[in-house]
Amino acid sequence: MTKTSIEPVVEKKLKVADEVWIATALLHREHPEQPDYTIEQIVERAQREGLHQPLRPGVYVHVVQHCVANRPPNPGRYRMILETSNGRRRLFRKGDPFHPEREDGKITPNRDDLPYGYSGLLKWYDEWSGSGGANPKQEDPLLSLRGSGKHLWADEHADDYVRRLREGWE
C-alpha cells in the first residue's frame with residue numbers, strides 16, 4: 001500500500017485594491033446607465049459581494065484615496081478608479097487624467113490574483129474601457145473649452161485682436 005499525500009489548498013489573499021476594482025466593475029456592469037458611483041455605493045457593493053468577511057476597513061480608504069488615479073498617491077499608486085466629482089468614482093480608463101506620481105500604477109487586477117469566477121470581468125473591462133461611453137478627453141472640463149471664444153477675433157488676426165485689447169494700457 002502506497003501512502004498518498006494530499007497537498008493543502010492554499011487560498012490566495014485578495015488584495016484590498018483588487019476587491020475595490022471588482023466591486024466598482026460589478027456596479028458598472030449592473031448599472032451601465034450610471035456614469036459613476038458614490039463612495040458609499042462602492043463600499044456597500046464590496047460588502048454585498050462578500051469576497052472578504054468581515055469587510056476590511058481598508059476598502060473605504062482605498063475607494064477614497066489609494067486607488068484613485070487623479071489624487072496624489074498616499075502611499076498607494078494604483079490607477080484603478082477615477083474621482084469624477086467630489087465623493088463620486090468610476091473605473092479608470094486609459095486616457096483618463098492621473099496624478100503624475102501614479103504613472104506606472106496598476107489599473108486592473110492581475111488575472112491570477114482574482115478569485116475563481118471573476119476573471120471574466122477583465123474581458124468585460126477591456127471592451128468597456130475601449131469603447132465604453134464618451135471619450136475621456138471630451139469629459140475634461142478644460143479640454144472642452146477648446147475653440148470657445150474664437151468668434152471674438154474671427155474677423156481679425158489674433159495678434160491684431162490682442163493689440164487692440166491692450167490699447168490704452170499704461
# chains A, B, ... in the order shown; residues from 1 in each chain; ligands from 1

$ residues_around --residues "Thr38 (chain A)" --least-positions-apart "3" --cutoff "7 Å" --atoms "only C-alpha atoms" --output "PyMOL selection string"
chain A and resi 41-42+87-89

$ write_last_selection --atoms "all heavy atoms" --output "tab-separated table (two decimals), in the first residue's frame"
chain	number	residue	atom	x	y	z
A	41	GLN	N	-21.68	53.64	-2.32
A	41	GLN	CA	-22.19	52.58	-3.18
A	41	GLN	C	-21.11	51.53	-3.47
A	41	GLN	O	-21.39	50.34	-3.48
A	41	GLN	CB	-22.70	53.15	-4.51
A	41	GLN	CG	-24.01	53.89	-4.41
A	41	GLN	CD	-24.38	54.56	-5.72
A	41	GLN	OE1	-23.58	55.28	-6.34
A	41	GLN	NE2	-25.62	54.33	-6.16
A	42	ILE	N	-19.90	51.98	-3.69
A	42	ILE	CA	-18.80	51.04	-3.98
A	42	ILE	C	-18.48	50.20	-2.75
A	42	ILE	O	-18.34	48.97	-2.84
A	42	ILE	CB	-17.56	51.79	-4.49
A	42	ILE	CG1	-17.89	52.48	-5.82
A	42	ILE	CG2	-16.37	50.83	-4.65
A	42	ILE	CD1	-16.84	53.46	-6.31
A	87	GLY	N	-16.73	62.90	-4.04
A	87	GLY	CA	-17.47	61.77	-3.49
A	87	GLY	C	-17.97	60.77	-4.52
A	87	GLY	O	-18.69	59.84	-4.18
A	88	ARG	N	-17.58	60.93	-5.79
A	88	ARG	CA	-18.04	60.01	-6.86
A	88	ARG	C	-16.84	59.42	-7.58
A	88	ARG	O	-15.83	60.09	-7.77
A	88	ARG	CB	-18.95	60.75	-7.83
A	88	ARG	CG	-20.21	61.28	-7.10
A	88	ARG	CD	-21.33	61.62	-8.02
A	88	ARG	NE	-21.88	60.50	-8.74
A	88	ARG	CZ	-22.85	59.70	-8.30
A	88	ARG	NH1	-23.35	59.87	-7.09
A	88	ARG	NH2	-23.33	58.73	-9.07
A	89	ARG	N	-17.00	58.15	-7.99
A	89	ARG	CA	-15.93	57.40	-8.62
A	89	ARG	C	-16.46	56.56	-9.77
A	89	ARG	O	-17.63	56.17	-9.79
A	89	ARG	CB	-15.25	56.45	-7.62
A	89	ARG	CG	-14.81	57.08	-6.30
A	89	ARG	CD	-13.52	57.86	-6.47
A	89	ARG	NE	-12.96	58.29	-5.21
A	89	ARG	CZ	-13.21	59.45	-4.63
A	89	ARG	NH1	-14.06	60.31	-5.16
A	89	ARG	NH2	-12.63	59.78	-3.49

$ closest_atom_pairs --of "region 8-52 of chain A" --to "region 96-110 of chain A" --cutoff "10 Å" --atoms "only C-alpha atoms" --output "JSON lines"
{"residue": "A:Leu14", "atom": "CA", "partner": "A:Pro109", "partner_atom": "CA", "distance": 9.8}
{"residue": "A:Lys15", "atom": "CA", "partner": "A:Pro109", "partner_atom": "CA", "distance": 8.8}
{"residue": "A:Ala17", "atom": "CA", "partner": "A:Pro109", "partner_atom": "CA", "distance": 8.1}
{"residue": "A:Asp18", "atom": "CA", "partner": "A:Pro109", "partner_atom": "CA", "distance": 5.5}
{"residue": "A:Glu19", "atom": "CA", "partner": "A:Pro109", "partner_atom": "CA", "distance": 8.9}
{"residue": "A:Val20", "atom": "CA", "partner": "A:Pro109", "partner_atom": "CA", "distance": 10.0}
{"residue": "A:Trp21", "atom": "CA", "partner": "A:Thr108", "partner_atom": "CA", "distance": 7.1}
{"residue": "A:Ile22", "atom": "CA", "partner": "A:Pro109", "partner_atom": "CA", "distance": 8.5}

$ select_by_dssp --residues "chain A" --states "helix (DSSP H, G or I)" --output "compact mmCIF listing (two decimals) with N, CA and C atoms, in the first residue's frame"
# COMPACT_ATOMS: atom_id res chain seq x y z
N VAL A 16 -6.86 44.34 -1.21
CA VAL A 16 -7.97 45.27 -1.00
C VAL A 16 -8.22 46.08 -2.27
N ALA A 17 -7.17 46.51 -2.94
CA ALA A 17 -7.34 47.28 -4.18
C ALA A 17 -8.09 46.46 -5.23
N ASP A 18 -7.78 45.17 -5.32
CA ASP A 18 -8.48 44.31 -6.28
C ASP A 18 -9.95 44.14 -5.90
N GLU A 19 -10.23 44.09 -4.62
CA GLU A 19 -11.61 43.99 -4.15
C GLU A 19 -12.40 45.25 -4.53
N VAL A 20 -11.76 46.41 -4.40
CA VAL A 20 -12.40 47.68 -4.78
C VAL A 20 -12.66 47.69 -6.29
N TRP A 21 -11.69 47.23 -7.08
CA TRP A 21 -11.87 47.19 -8.54
C TRP A 21 -13.03 46.27 -8.91
N ILE A 22 -13.08 45.10 -8.29
CA ILE A 22 -14.17 44.15 -8.57
C ILE A 22 -15.52 44.78 -8.25
N ALA A 23 -15.66 45.38 -7.08
CA ALA A 23 -16.93 45.98 -6.67
C ALA A 23 -17.34 47.09 -7.65
N THR A 24 -16.39 47.92 -8.06
CA THR A 24 -16.70 49.01 -8.98
C THR A 24 -17.07 48.46 -10.36
N ALA A 25 -16.34 47.46 -10.82
CA ALA A 25 -16.65 46.84 -12.12
C ALA A 25 -18.04 46.21 -12.11
N LEU A 26 -18.38 45.55 -11.01
CA LEU A 26 -19.71 44.93 -10.91
C LEU A 26 -20.81 45.99 -10.95
N LEU A 27 -20.58 47.12 -10.29
CA LEU A 27 -21.57 48.21 -10.35
C LEU A 27 -21.75 48.71 -11.79
N HIS A 28 -20.64 48.88 -12.50
CA HIS A 28 -20.72 49.32 -13.89
C HIS A 28 -21.49 48.32 -14.75
N ARG A 29 -21.24 47.05 -14.53
CA ARG A 29 -21.95 46.03 -15.32
C ARG A 29 -23.42 45.96 -14.96
N GLU A 30 -23.74 46.10 -13.68
CA GLU A 30 -25.13 46.01 -13.22
C GLU A 30 -25.94 47.26 -13.54
N ILE A 39 -18.95 56.87 -3.19
CA ILE A 39 -18.00 56.07 -2.40
C ILE A 39 -18.78 55.02 -1.62
N GLU A 40 -19.91 55.43 -1.03
CA GLU A 40 -20.71 54.51 -0.23
C GLU A 40 -21.27 53.36 -1.07
N GLN A 41 -21.68 53.64 -2.32
CA GLN A 41 -22.19 52.58 -3.18
C GLN A 41 -21.11 51.53 -3.47
N ILE A 42 -19.90 51.98 -3.69
CA ILE A 42 -18.80 51.04 -3.98
C ILE A 42 -18.48 50.20 -2.75
N VAL A 43 -18.39 50.84 -1.59
CA VAL A 43 -18.10 50.11 -0.35
C VAL A 43 -19.23 49.12 -0.06
N GLU A 44 -20.47 49.54 -0.24
CA GLU A 44 -21.62 48.67 0.01
C GLU A 44 -21.62 47.48 -0.96
N ARG A 45 -21.21 47.73 -2.22
CA ARG A 45 -21.18 46.64 -3.20
C ARG A 45 -20.10 45.63 -2.83
N ALA A 46 -18.97 46.10 -2.33
CA ALA A 46 -17.91 45.20 -1.85
C ALA A 46 -18.42 44.37 -0.68
N GLN A 47 -19.17 45.00 0.22
CA GLN A 47 -19.74 44.29 1.36
C GLN A 47 -20.70 43.19 0.90
N ARG A 48 -21.59 43.53 -0.05
CA ARG A 48 -22.56 42.55 -0.56
C ARG A 48 -21.88 41.39 -1.28
N GLU A 49 -20.80 41.68 -1.99
CA GLU A 49 -20.12 40.62 -2.74
C GLU A 49 -19.48 39.62 -1.78
N GLY A 58 -9.95 48.80 5.24
CA GLY A 58 -9.14 49.37 4.17
C GLY A 58 -9.90 49.59 2.88
N VAL A 59 -11.03 48.93 2.71
CA VAL A 59 -11.81 49.10 1.47
C VAL A 59 -12.21 50.57 1.33
N TYR A 60 -12.73 51.15 2.37
CA TYR A 60 -13.16 52.56 2.32
C TYR A 60 -11.98 53.47 1.95
N VAL A 61 -10.84 53.28 2.60
CA VAL A 61 -9.67 54.13 2.35
C VAL A 61 -9.18 53.97 0.91
N HIS A 62 -9.26 52.77 0.38
CA HIS A 62 -8.85 52.55 -1.00
C HIS A 62 -9.79 53.24 -1.98
N VAL A 63 -11.09 53.26 -1.68
CA VAL A 63 -12.05 53.94 -2.55
C VAL A 63 -11.86 55.45 -2.47
N VAL A 64 -11.54 55.94 -1.29
CA VAL A 64 -11.37 57.38 -1.09
C VAL A 64 -10.04 57.87 -1.65
N GLN A 65 -8.96 57.10 -1.49
CA GLN A 65 -7.63 57.62 -1.78
C GLN A 65 -6.71 56.68 -2.56
N HIS A 66 -6.44 55.50 -2.01
CA HIS A 66 -5.35 54.66 -2.52
C HIS A 66 -5.52 54.22 -3.98
N PRO A 100 0.75 62.55 -11.78
CA PRO A 100 1.99 62.11 -12.41
C PRO A 100 2.76 61.04 -11.61
N GLU A 101 2.64 61.05 -10.29
CA GLU A 101 3.35 60.06 -9.48
C GLU A 101 2.70 58.68 -9.53
N ARG A 102 1.57 58.57 -10.23
CA ARG A 102 0.90 57.28 -10.38
C ARG A 102 1.13 56.70 -11.79
N ARG A 111 -4.87 38.73 -13.55
CA ARG A 111 -5.81 37.61 -13.71
C ARG A 111 -5.59 36.53 -12.65
N ASP A 112 -4.36 36.24 -12.35
CA ASP A 112 -4.05 35.18 -11.38
C ASP A 112 -4.41 35.55 -9.95
N ASP A 113 -4.60 36.83 -9.70
CA ASP A 113 -4.94 37.28 -8.34
C ASP A 113 -6.44 37.32 -8.08
N GLY A 120 -13.64 36.91 -15.87
CA GLY A 120 -14.43 37.46 -16.97
C GLY A 120 -14.59 38.97 -16.88
N LEU A 121 -14.43 39.53 -15.69
CA LEU A 121 -14.51 40.99 -15.54
C LEU A 121 -13.40 41.69 -16.32
N LEU A 122 -12.25 41.03 -16.46
CA LEU A 122 -11.15 41.65 -17.19
C LEU A 122 -11.50 41.80 -18.67
N LYS A 123 -12.13 40.78 -19.25
CA LYS A 123 -12.55 40.85 -20.65
C LYS A 123 -13.63 41.94 -20.80
N TRP A 124 -14.59 41.94 -19.88
CA TRP A 124 -15.63 42.96 -19.90
C TRP A 124 -14.98 44.35 -19.83
N TYR A 125 -14.00 44.54 -18.94
CA TYR A 125 -13.34 45.83 -18.76
C TYR A 125 -12.65 46.27 -20.05
N ASP A 126 -11.95 45.35 -20.72
CA ASP A 126 -11.27 45.71 -21.97
C ASP A 126 -12.26 46.25 -22.99
N GLU A 127 -13.42 45.62 -23.09
CA GLU A 127 -14.45 46.08 -24.03
C GLU A 127 -15.04 47.41 -23.56
N TRP A 128 -15.35 47.50 -22.28
CA TRP A 128 -15.96 48.71 -21.71
C TRP A 128 -15.01 49.90 -21.82
N SER A 129 -13.75 49.71 -21.49
CA SER A 129 -12.81 50.83 -21.48
C SER A 129 -12.38 51.22 -22.87
N GLY A 130 -12.44 50.28 -23.82
CA GLY A 130 -12.04 50.59 -25.18
C GLY A 130 -13.11 51.34 -25.94
N SER A 131 -14.35 50.97 -25.73
CA SER A 131 -15.43 51.58 -26.49
C SER A 131 -16.42 52.29 -25.59
N PRO A 136 -12.70 60.07 -22.87
CA PRO A 136 -12.30 60.72 -21.63
C PRO A 136 -11.77 62.14 -21.84
N LYS A 137 -11.11 62.42 -22.96
CA LYS A 137 -10.60 63.77 -23.19
C LYS A 137 -11.74 64.75 -23.37
N GLN A 138 -12.89 64.31 -23.90
CA GLN A 138 -14.02 65.20 -24.07
C GLN A 138 -14.71 65.48 -22.74
N GLU A 139 -14.50 64.64 -21.74
CA GLU A 139 -15.10 64.85 -20.43
C GLU A 139 -14.34 65.89 -19.62
N LEU A 143 -10.42 70.85 -21.39
CA LEU A 143 -10.30 70.50 -22.81
C LEU A 143 -11.59 70.78 -23.57
N SER A 144 -12.71 70.74 -22.87
CA SER A 144 -13.98 71.01 -23.54
C SER A 144 -14.13 72.48 -23.93
N LEU A 145 -13.30 73.36 -23.38
CA LEU A 145 -13.34 74.79 -23.71
C LEU A 145 -12.62 75.10 -25.02
N LYS A 150 -13.48 81.79 -30.04
CA LYS A 150 -12.80 82.12 -31.30
C LYS A 150 -13.57 83.15 -32.12
N HIS A 151 -14.86 83.27 -31.85
CA HIS A 151 -15.65 84.28 -32.55
C HIS A 151 -15.21 85.70 -32.19
N LEU A 152 -14.53 85.86 -31.05
CA LEU A 152 -14.11 87.19 -30.60
C LEU A 152 -13.12 87.81 -31.58
N TRP A 153 -12.28 87.00 -32.21
CA TRP A 153 -11.31 87.53 -33.16
C TRP A 153 -11.45 86.88 -34.54
N ALA A 158 -5.22 87.21 -34.67
CA ALA A 158 -5.14 87.14 -33.21
C ALA A 158 -4.21 88.20 -32.64
N ASP A 159 -3.09 88.47 -33.31
CA ASP A 159 -2.16 89.49 -32.82
C ASP A 159 -2.80 90.88 -32.85
N ASP A 160 -3.57 91.15 -33.91
CA ASP A 160 -4.26 92.44 -34.00
C ASP A 160 -5.31 92.56 -32.90
N TYR A 161 -6.00 91.46 -32.61
CA TYR A 161 -7.02 91.44 -31.56
C TYR A 161 -6.39 91.78 -30.21
N VAL A 162 -5.26 91.13 -29.90
CA VAL A 162 -4.59 91.38 -28.61
C VAL A 162 -4.08 92.81 -28.56
N ARG A 163 -3.50 93.29 -29.67
CA ARG A 163 -3.00 94.67 -29.73
C ARG A 163 -4.14 95.66 -29.46
N ARG A 164 -5.30 95.41 -30.05
CA ARG A 164 -6.47 96.27 -29.85
C ARG A 164 -6.92 96.26 -28.39
N LEU A 165 -6.92 95.08 -27.77
CA LEU A 165 -7.32 94.99 -26.36
C LEU A 165 -6.37 95.76 -25.45
N ARG A 166 -5.09 95.79 -25.83
CA ARG A 166 -4.09 96.42 -24.97
C ARG A 166 -3.97 97.93 -25.21

$ atom_distance --atom1 "CA of Leu51 (chain A)" --atom2 "CA of His31 (chain A)"
20.2 Å

$ atom_distance --atom1 "CA of Arg79 (chain A)" --atom2 "CA of Lys94 (chain A)"
9.5 Å

$ select_by_dssp --residues "region 29-158 of chain A" --states "strand (DSSP E)" --output "list in words"
Tyr37, Thr38, Ile81, Leu82, Glu83, Thr84, Ser85, Arg88, Arg89, Arg90 and Leu91 of chain A

$ atom_distance --atom1 "CA of Tyr116 (chain A)" --atom2 "CA of Met80 (chain A)"
20.3 Å

$ closest_residue --among "A:Pro115, A:Phe92, A:Asn86, A:Arg56" --to "Val68 (chain A)" --atoms "only C-alpha atoms"
A:Phe92
